[in-house]
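For reference, final-v3.txt (compact mmCIF, C-alpha atoms):
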```txt
# COMPACT_ATOMS: atom_id res chain seq x y z
CA MET A 4 -38.93 52.11 -9.26
CA LYS A 5 -38.84 48.92 -11.35
CA LYS A 6 -38.30 51.02 -14.47
CA GLY A 7 -35.40 52.87 -12.83
CA LEU A 8 -33.79 49.60 -11.74
CA THR A 9 -34.15 48.21 -15.26
CA VAL A 10 -32.44 51.30 -16.72
CA ILE A 11 -29.56 51.03 -14.22
CA LEU A 12 -29.07 47.31 -14.91
CA SER A 13 -29.21 47.94 -18.68
CA MET A 14 -26.60 50.68 -18.41
CA LEU A 15 -24.34 48.43 -16.33
CA PHE A 16 -24.74 45.65 -18.87
CA ILE A 17 -23.84 47.99 -21.74
CA PHE A 18 -20.91 49.44 -19.76
CA PHE A 19 -19.39 46.04 -18.92
CA SER A 20 -20.02 44.78 -22.47
CA ILE A 21 -18.10 47.69 -23.97
CA TRP A 22 -15.37 47.32 -21.34
CA PHE A 23 -15.12 43.60 -22.13
CA ILE A 24 -14.77 44.29 -25.87
CA ILE A 25 -12.06 46.96 -25.58
CA LEU A 26 -10.16 45.37 -22.69
CA PRO A 27 -6.82 43.82 -23.81
CA LYS A 28 -7.01 40.06 -23.43
CA LYS A 29 -4.30 38.34 -21.39
CA GLU A 30 -2.88 34.96 -22.36
CA MET A 31 -1.97 33.97 -18.82
CA SER A 32 -3.30 34.53 -15.32
CA GLU A 33 -0.26 35.10 -13.11
CA ASN A 34 -2.27 34.67 -9.91
CA GLU A 35 -3.84 31.37 -11.03
CA ASN A 36 -0.69 30.22 -12.83
CA ARG A 37 -2.61 28.99 -15.89
CA TYR A 38 -3.32 29.94 -19.48
CA LEU A 39 -6.65 31.64 -20.05
CA GLU A 40 -9.24 30.43 -22.55
CA LYS A 41 -8.73 31.66 -26.09
CA PHE A 42 -11.57 32.85 -28.31
CA PRO A 43 -12.95 29.67 -29.91
CA GLN A 44 -12.92 29.01 -33.62
CA VAL A 45 -16.38 28.48 -35.06
CA SER A 46 -17.12 25.28 -36.99
CA VAL A 47 -20.19 23.31 -37.96
CA GLU A 48 -19.05 20.51 -35.69
CA ASN A 49 -18.73 22.58 -32.50
CA LEU A 50 -21.98 24.39 -33.29
CA LEU A 51 -23.85 21.10 -33.49
CA ASP A 52 -22.31 19.40 -30.47
CA GLY A 53 -22.64 22.46 -28.22
CA SER A 54 -18.93 22.75 -27.43
CA LEU A 55 -18.75 26.22 -29.03
CA MET A 56 -21.03 27.72 -26.38
CA THR A 57 -19.12 25.96 -23.60
CA LYS A 58 -15.81 27.35 -24.82
CA LEU A 59 -17.34 30.79 -25.36
CA ASN A 60 -18.64 30.81 -21.78
CA HIS A 61 -15.18 29.88 -20.50
CA TYR A 62 -13.67 32.64 -22.64
CA ILE A 63 -16.05 35.25 -21.19
CA GLU A 64 -15.47 34.00 -17.63
CA ASP A 65 -11.69 34.16 -18.05
CA HIS A 66 -11.59 37.66 -19.55
CA PHE A 67 -14.40 39.41 -17.71
CA PRO A 68 -13.34 42.88 -16.45
CA ILE A 69 -11.94 42.99 -12.88
CA ARG A 70 -12.40 39.22 -12.73
CA GLU A 71 -9.67 38.64 -10.15
CA GLN A 72 -11.16 41.30 -7.87
CA PHE A 73 -14.52 39.52 -8.07
CA LEU A 74 -12.82 36.20 -7.22
CA THR A 75 -11.15 37.82 -4.21
CA ILE A 76 -14.49 39.24 -3.01
CA LYS A 77 -16.12 35.83 -3.51
CA SER A 78 -13.41 34.13 -1.44
CA SER A 79 -13.69 36.78 1.28
CA LEU A 80 -17.47 36.31 1.49
CA GLU A 81 -17.06 32.56 1.70
CA ARG A 82 -14.63 33.00 4.59
CA LEU A 83 -17.10 35.28 6.36
CA MET A 84 -19.61 32.45 5.98
CA LEU A 85 -17.03 30.22 7.73
CA LYS A 86 -16.32 28.17 4.60
CA ASP A 87 -12.97 26.48 5.20
CA GLU A 88 -12.26 24.96 1.76
CA ASN A 89 -11.97 26.36 -1.75
CA LYS A 90 -10.95 24.38 -4.85
CA ASP A 91 -9.47 21.50 -2.81
CA VAL A 92 -7.50 23.90 -0.63
CA TYR A 93 -8.14 24.13 3.11
CA ILE A 94 -8.18 27.65 4.54
CA GLY A 95 -6.10 26.95 7.61
CA LYS A 96 -5.06 28.89 10.67
CA ASP A 97 -2.42 31.64 10.64
CA GLN A 98 -2.71 32.19 6.87
CA PHE A 99 -1.85 28.58 6.05
CA LEU A 100 -3.31 27.15 2.85
CA ILE A 101 -3.11 23.36 2.84
CA GLU A 102 -3.73 21.09 -0.12
CA LYS A 103 -6.53 18.60 0.33
CA TYR A 104 -5.58 14.94 0.15
CA GLU A 105 -7.75 12.61 -1.90
CA LYS A 106 -7.75 9.01 -0.74
CA MET A 107 -6.14 6.79 -3.37
CA GLU A 108 -8.20 4.20 -5.18
CA GLU A 109 -7.17 0.60 -4.65
CA LYS A 110 -6.45 0.09 -8.34
CA ASP A 111 -4.00 3.00 -8.29
CA LYS A 112 -2.26 1.68 -5.19
CA ASN A 113 -1.91 -1.70 -6.87
CA LYS A 114 -0.43 -0.11 -10.00
CA ILE A 115 2.22 1.64 -7.92
CA ILE A 116 2.99 -1.50 -5.90
CA ASN A 117 3.24 -3.68 -9.01
CA THR A 118 5.40 -1.12 -10.85
CA ILE A 119 7.97 -0.85 -8.06
CA ASN A 120 8.06 -4.59 -7.39
CA ARG A 121 8.55 -5.31 -11.08
CA PHE A 122 11.27 -2.66 -11.25
CA GLN A 123 13.06 -4.30 -8.32
CA GLU A 124 12.80 -7.72 -9.98
CA ASN A 125 14.31 -6.30 -13.18
CA ASN A 126 17.18 -4.71 -11.21
CA PRO A 127 18.00 -7.25 -8.47
CA ASP A 128 21.57 -6.00 -7.93
CA VAL A 129 20.54 -2.38 -7.37
CA SER A 130 19.93 -0.94 -3.88
CA ILE A 131 16.50 0.74 -4.05
CA ASP A 132 15.31 3.28 -1.47
CA ILE A 133 11.67 4.37 -1.30
CA MET A 134 10.97 7.79 0.22
CA PHE A 135 7.33 8.89 0.10
CA VAL A 136 7.12 12.31 1.77
CA PRO A 137 4.05 13.28 3.84
CA THR A 138 2.75 16.70 2.85
CA SER A 139 1.70 19.76 4.82
CA ILE A 140 -1.70 18.24 5.65
CA VAL A 141 0.14 15.79 7.94
CA ILE A 142 3.11 17.86 9.11
CA ASN A 143 0.99 20.96 9.78
CA ALA A 144 -2.13 19.11 10.90
CA ASN A 145 -2.82 21.53 13.77
CA LYS A 146 -3.08 24.38 11.26
CA LEU A 147 -6.02 22.64 9.56
CA PRO A 148 -9.65 23.66 10.08
CA ASN A 149 -11.45 21.63 12.72
CA PHE A 150 -12.53 18.04 11.94
CA VAL A 151 -10.33 17.58 8.84
CA ASP A 152 -9.00 14.01 8.67
CA PHE A 153 -5.35 13.91 7.59
CA LYS A 154 -4.71 10.27 8.45
CA GLU A 155 -5.88 8.87 5.09
CA GLN A 156 -2.56 9.95 3.59
CA LEU A 157 -0.59 8.01 6.18
CA LYS A 158 -2.78 4.96 5.68
CA ASP A 159 -2.28 5.03 1.90
CA LYS A 160 1.48 5.35 2.43
CA GLU A 161 1.48 2.36 4.78
CA ASP A 162 -0.73 0.27 2.46
CA ILE A 163 1.75 0.75 -0.39
CA THR A 164 5.05 0.38 1.46
CA ASP A 165 3.87 -2.73 3.32
CA GLN A 166 3.53 -4.58 0.02
CA LEU A 167 6.85 -3.59 -1.54
CA ARG A 168 9.51 -6.31 -1.78
CA GLY A 169 13.30 -6.13 -1.75
CA VAL A 170 13.49 -2.35 -1.24
CA ASN A 171 14.46 -0.06 1.65
CA ILE A 172 11.65 2.08 3.08
CA ILE A 173 12.88 5.50 4.19
CA ASP A 174 10.45 7.15 6.62
CA VAL A 175 11.25 10.86 7.08
CA LEU A 176 8.01 11.64 8.94
CA PRO A 177 9.61 11.65 12.44
CA TYR A 178 12.38 14.01 11.31
CA LEU A 179 9.93 16.48 9.77
CA ILE A 180 7.63 16.43 12.81
CA GLU A 181 10.53 16.87 15.23
CA ASN A 182 11.96 19.89 13.41
CA ASN A 183 8.71 21.71 12.61
CA GLN A 184 8.56 23.83 15.78
CA ASN A 185 8.35 27.05 13.77
CA TYR A 186 6.03 25.64 11.07
CA ASP A 187 8.57 26.55 8.41
CA LEU A 188 9.14 23.21 6.68
CA PHE A 189 6.32 23.81 4.17
CA TYR A 190 5.28 26.97 2.37
CA ARG A 191 2.04 28.53 3.56
CA LEU A 192 0.84 29.33 0.03
CA ASP A 193 2.34 26.48 -1.99
CA HIS A 194 2.24 22.67 -1.89
CA HIS A 195 6.01 22.12 -1.77
CA TRP A 196 8.26 21.79 1.24
CA THR A 197 10.55 24.76 1.89
CA THR A 198 14.30 24.52 1.48
CA LYS A 199 14.53 23.91 5.22
CA GLY A 200 11.95 21.15 4.86
CA ALA A 201 14.02 19.63 2.06
CA TYR A 202 17.07 19.76 4.34
CA TYR A 203 15.30 17.74 7.03
CA GLY A 204 14.14 15.32 4.35
CA TYR A 205 17.82 14.93 3.38
CA TYR A 206 18.76 14.67 7.07
CA GLY A 207 16.24 11.88 7.67
CA TYR A 208 17.25 10.07 4.49
CA LEU A 209 20.91 9.87 5.51
CA LYS A 210 20.08 8.98 9.12
CA GLU A 211 17.86 6.11 7.97
CA LYS A 212 20.72 4.85 5.78
CA GLY A 213 23.14 4.96 8.71
CA LEU A 214 25.11 7.87 7.24
CA THR A 215 26.08 11.24 8.71
CA PRO A 216 24.23 14.32 7.41
CA ILE A 217 26.05 17.62 7.09
CA PRO A 218 24.81 20.10 9.75
CA ILE A 219 22.40 22.70 8.43
CA ASP A 220 24.66 25.52 9.64
CA ASP A 221 27.34 24.34 7.20
CA PHE A 222 25.08 25.55 4.39
CA PRO A 223 25.03 29.38 4.50
CA LYS A 224 21.44 30.57 4.02
CA ARG A 225 20.25 33.52 1.98
CA THR A 226 16.75 34.66 1.01
CA VAL A 227 16.37 34.94 -2.76
CA THR A 228 12.78 36.28 -2.83
CA LYS A 229 10.13 37.48 -0.40
CA ASP A 230 7.40 37.42 -3.02
CA PHE A 231 6.46 33.77 -3.56
CA ASN A 232 2.74 33.18 -4.08
CA GLY A 233 2.47 29.52 -4.96
CA THR A 234 -0.03 27.04 -6.33
CA LEU A 235 -2.39 27.09 -3.34
CA TYR A 236 -2.53 30.88 -3.37
CA SER A 237 -3.55 30.62 -7.03
CA LYS A 238 -6.26 28.03 -6.36
CA ALA A 239 -7.81 29.58 -3.27
CA ASN A 240 -8.07 33.13 -4.71
CA ILE A 241 -7.06 34.69 -1.40
CA TYR A 242 -4.73 37.41 -2.53
CA SER A 243 -4.46 39.27 0.78
CA TYR A 244 -2.17 36.76 2.51
CA LYS A 245 1.46 37.64 3.13
CA SER A 246 3.79 36.12 0.54
CA ASP A 247 6.25 33.33 1.33
CA GLU A 248 10.01 33.66 1.20
CA ILE A 249 12.29 31.28 -0.70
CA ASP A 250 15.66 30.53 0.85
CA GLU A 251 18.75 29.09 -0.77
CA TYR A 252 21.25 27.13 1.26
CA VAL A 253 24.47 27.95 -0.56
CA ASN A 254 26.22 24.92 -2.02
CA ASP A 255 29.26 23.86 -4.03
CA LEU A 256 29.68 24.79 -7.66
CA VAL A 257 28.60 21.76 -9.67
CA ASN A 258 28.29 20.69 -13.28
CA VAL A 259 24.61 20.35 -14.17
CA HIS A 260 23.64 18.95 -17.58
CA TYR A 261 20.02 19.14 -18.76
CA VAL A 262 20.50 16.30 -21.20
CA TYR A 263 17.60 16.61 -23.65
CA GLU A 264 17.80 20.40 -23.72
CA ASN A 265 21.59 20.16 -24.18
CA LYS A 266 21.97 22.92 -21.61
CA LYS A 267 24.72 23.14 -19.00
CA ALA A 268 25.06 25.11 -15.78
CA THR A 269 27.39 25.37 -12.79
CA THR A 270 24.67 25.88 -10.20
CA PHE A 271 21.50 24.19 -8.97
CA TYR A 272 19.57 27.44 -9.30
CA GLU A 273 18.06 29.41 -12.19
CA LYS A 274 17.57 33.06 -11.19
CA SER A 275 15.26 33.96 -14.09
CA TRP A 276 12.39 32.06 -12.40
CA LEU A 277 12.41 34.55 -9.52
CA GLU A 278 10.89 37.11 -11.90
CA LYS A 279 8.02 34.75 -12.78
CA LYS A 280 5.02 33.28 -11.01
CA ASP A 281 6.43 29.76 -10.73
CA LYS A 282 9.29 30.74 -8.43
CA TYR A 283 9.79 27.21 -7.08
CA SER A 284 11.31 26.37 -10.47
CA TYR A 285 14.33 28.34 -9.22
CA PHE A 286 15.46 24.94 -7.95
CA LEU A 287 17.04 22.85 -10.72
CA ASN A 288 15.38 25.06 -13.35
CA GLY A 289 12.07 23.22 -12.88
CA ASN A 290 11.28 19.67 -14.01
CA HIS A 291 13.19 17.93 -16.80
CA SER A 292 13.26 14.45 -18.30
CA LEU A 293 16.90 13.76 -17.51
CA ILE A 294 19.55 15.69 -15.62
CA THR A 295 23.08 14.65 -14.65
CA ILE A 296 24.94 16.42 -11.86
CA ASN A 297 28.65 16.09 -11.19
CA ASN A 298 30.25 17.41 -8.03
CA PRO A 299 34.07 17.07 -8.08
CA LYS A 300 34.17 18.13 -4.40
CA ALA A 301 31.86 15.34 -3.20
CA ASN A 302 33.23 13.32 -0.30
CA THR A 303 32.84 10.02 -2.22
CA ASN A 304 33.04 8.86 -5.83
CA SER A 305 29.59 7.23 -5.60
CA SER A 306 26.68 7.76 -7.99
CA ILE A 307 22.93 7.53 -7.53
CA LEU A 308 19.81 7.69 -9.72
CA ILE A 309 16.85 9.66 -8.35
CA LEU A 310 13.37 8.95 -9.73
CA LYS A 311 11.28 11.84 -8.58
CA ASP A 312 8.70 14.58 -8.61
CA SER A 313 9.39 18.27 -7.93
CA TYR A 314 10.04 17.77 -4.20
CA ALA A 315 13.46 16.42 -5.18
CA ASN A 316 14.46 19.70 -6.84
CA SER A 317 15.21 21.43 -3.53
CA PHE A 318 16.44 18.19 -1.89
CA ILE A 319 19.17 17.31 -4.40
CA PRO A 320 21.52 20.26 -3.61
CA PHE A 321 22.00 18.87 -0.09
CA LEU A 322 22.53 15.30 -1.29
CA SER A 323 25.16 16.38 -3.82
CA ARG A 324 27.80 16.65 -1.08
CA HIS A 325 27.66 12.84 -0.79
CA TYR A 326 27.68 11.76 -4.46
CA GLN A 327 30.10 12.60 -7.21
CA THR A 328 27.42 11.90 -9.80
CA ILE A 329 23.64 12.21 -9.46
CA HIS A 330 21.37 11.09 -12.28
CA VAL A 331 17.88 12.61 -12.10
CA ILE A 332 14.92 11.22 -14.05
CA ASP A 333 11.36 12.51 -13.92
CA PRO A 334 9.27 9.56 -15.17
CA ARG A 335 6.44 11.92 -16.16
CA TYR A 336 8.59 13.07 -19.07
CA TYR A 337 11.23 10.36 -19.57
CA LYS A 338 9.88 7.79 -22.03
CA GLU A 339 12.77 5.37 -22.39
CA SER A 340 13.61 2.28 -20.32
CA ILE A 341 15.02 3.29 -16.94
CA SER A 342 16.34 -0.23 -16.37
CA THR A 343 18.36 0.10 -19.57
CA TYR A 344 19.66 3.49 -18.39
CA ILE A 345 20.77 1.92 -15.10
CA GLU A 346 22.65 -0.84 -16.93
CA LYS A 347 24.36 1.53 -19.38
CA ASN A 348 25.51 3.88 -16.61
CA ASN A 349 26.58 1.22 -14.07
CA ILE A 350 24.23 2.58 -11.41
CA ASP A 351 23.92 0.54 -8.24
CA GLU A 352 21.81 2.86 -6.07
CA VAL A 353 18.33 4.27 -6.77
CA LEU A 354 16.10 6.59 -4.75
CA PHE A 355 12.37 6.99 -5.41
CA LEU A 356 11.43 10.41 -3.99
CA TYR A 357 7.77 11.42 -4.25
CA ASN A 358 5.40 13.46 -2.14
CA MET A 359 2.18 11.64 -1.31
CA ASN A 360 -0.10 14.03 -3.21
CA THR A 361 1.83 13.69 -6.48
CA LEU A 362 2.12 9.94 -6.01
CA GLY A 363 -1.65 9.58 -5.88
CA LYS A 364 -2.67 12.17 -8.46
CA ASP A 365 -0.51 12.12 -11.56
CA LEU A 366 0.70 8.49 -11.28
CA GLY A 367 3.82 9.28 -13.31
CA ILE A 368 5.54 6.59 -11.30
CA ILE A 369 3.64 3.80 -13.08
CA SER A 370 5.44 4.55 -16.36
CA ILE A 371 8.73 3.33 -14.87
CA ARG A 372 10.15 0.25 -16.58
```
Output the structure of this file as structure tokens.
Amino acid sequence: MKKGLTVILSMLFIFFSIWFIILPKKEMSENENRYLEKFPQVSVENLLDGSLMTKLNHYIEDHFPIREQFLTIKSSLERLMLKDENKDVYIGKDQFLIEKYEKMEEKDKNKIINTINRFQENNPDVSIDIMFVPTSIVINANKLPNFVDFKEQLKDKEDITDQLRGVNIIDVLPYLIENNQNYDLFYRLDHHWTTKGAYYGYYGYLKEKGLTPIPIDDFPKRTVTKDFNGTLYSKANIYSYKSDEIDEYVNDLVNVHYVYENKKATTFYEKSWLEKKDKYSYFLNGNHSLITINNPKANTNSSILILKDSYANSFIPFLSRHYQTIHVIDPRYYKESISTYIEKNNIDEVLFLYNMNTLGKDLGIISIR
């Protein structure tokens, strides 16, 4: 019996080895939304320090035959064992995947606080609004597995905003909670808010500023894809869940200038992304260093600068009705002085728009000067 088992295992090993060799190697995993490991180059240095074997192991893991099927089986078995987290993603109720929130370190909080306070001191005549958006872990807390604490995010938000000086704190939490009856303000399989969620972020922003938002029904809605499997879907390896839809709330024709790419458009949306994995980049054609948006039909001649992460990309189309010119800077990629940009462009209003997970993880905000 042992001999027979050895023969079977040997044959399987030979079979999978041959399959691995002849199998075409992909550059990208669409499901995981990442580039796969390339075959490592051999050198004396990586032989001696052991990094060659590490890279080779990663290469084999990434290109093993029917790898994604094995990952799906693994995730299914873990769910049968009542495991409710995979790769920092909570496996929630009703096919909700919710990104885990990591409590911020005090030194990172202090960096953010000091950066914004210094920015305000350098721009004393500019009205600065701070809008830190709670994520799905807070808004959809009752979709979480039992005993998951979501309040750390709110505490971190409060710790930071309480120490900011000379700025206006915009709290959109009540508006998101109030309008989340159908649990459709955040995608189930992605970490972003939906277009409807972005609308209620816009709604809360204007209400907090004492302005009048445009009713949601004044923006005709259309579904642009029913096949959105976002970042959390990719992390959790649960490929059986029903895909999300992406909606567009139809807006004015505008003049959009992607400054460093020297590319111009007359819409907020880039349809080519709907054929790719990263479908959220449909909004504003993804993230860019600097974008300027001009809306000749805006109901004022005001301008504003938005310092942001990707949550702003689906928020800005709503805001454009209220500003003739919107300047958009993503500090993760913009390396020049923002204070100088403000002075050169006579900007007197600034909005910081970040979701709490991005704020704590990539810390792009601390490069602002």
Neighbours of Lys96 in chain A within 12 Å (all atoms listed in the file; same-chain residues fewer than 6 positions away dropped), as JSON, numbers by chain? {"A": [87, 143, 144, 145, 146, 147, 148, 149, 186, 191, 244]}
Spatial neighbours of Leu356 in chain A, 10 Å, all atoms listed in the file, chain gap at least 6 places, as a PyMOL selection string: chain A and resi 132-136+173+309-315+318+362
Which one of A:Tyr178, A:Tyr93, A:Tyr190, A:Tyr205 sits closest to Ser246 in chain A if you count all atoms listed in the file?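 Looking only at the distances to Ser246 in chain A, the closest residue turns out to be A:Tyr190.
Proximity ranking of A:Ser275, A:Asn240, A:Gln166, A:Asn183 relative to Asn89 in chain A places A:Asn240 first, based on only C-alpha atoms.
The space between CA of Ala301 in chain A and CA of Asn258 in chain A spans 12.0 Å.
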What does the structure give for the distance between CA of Trp196 in chain A and CA of Gln98 in chain A, in Å to one decimal?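 Value for the CA of Trp196 in chain A-CA of Gln98 in chain A distance: 16.1 Å.
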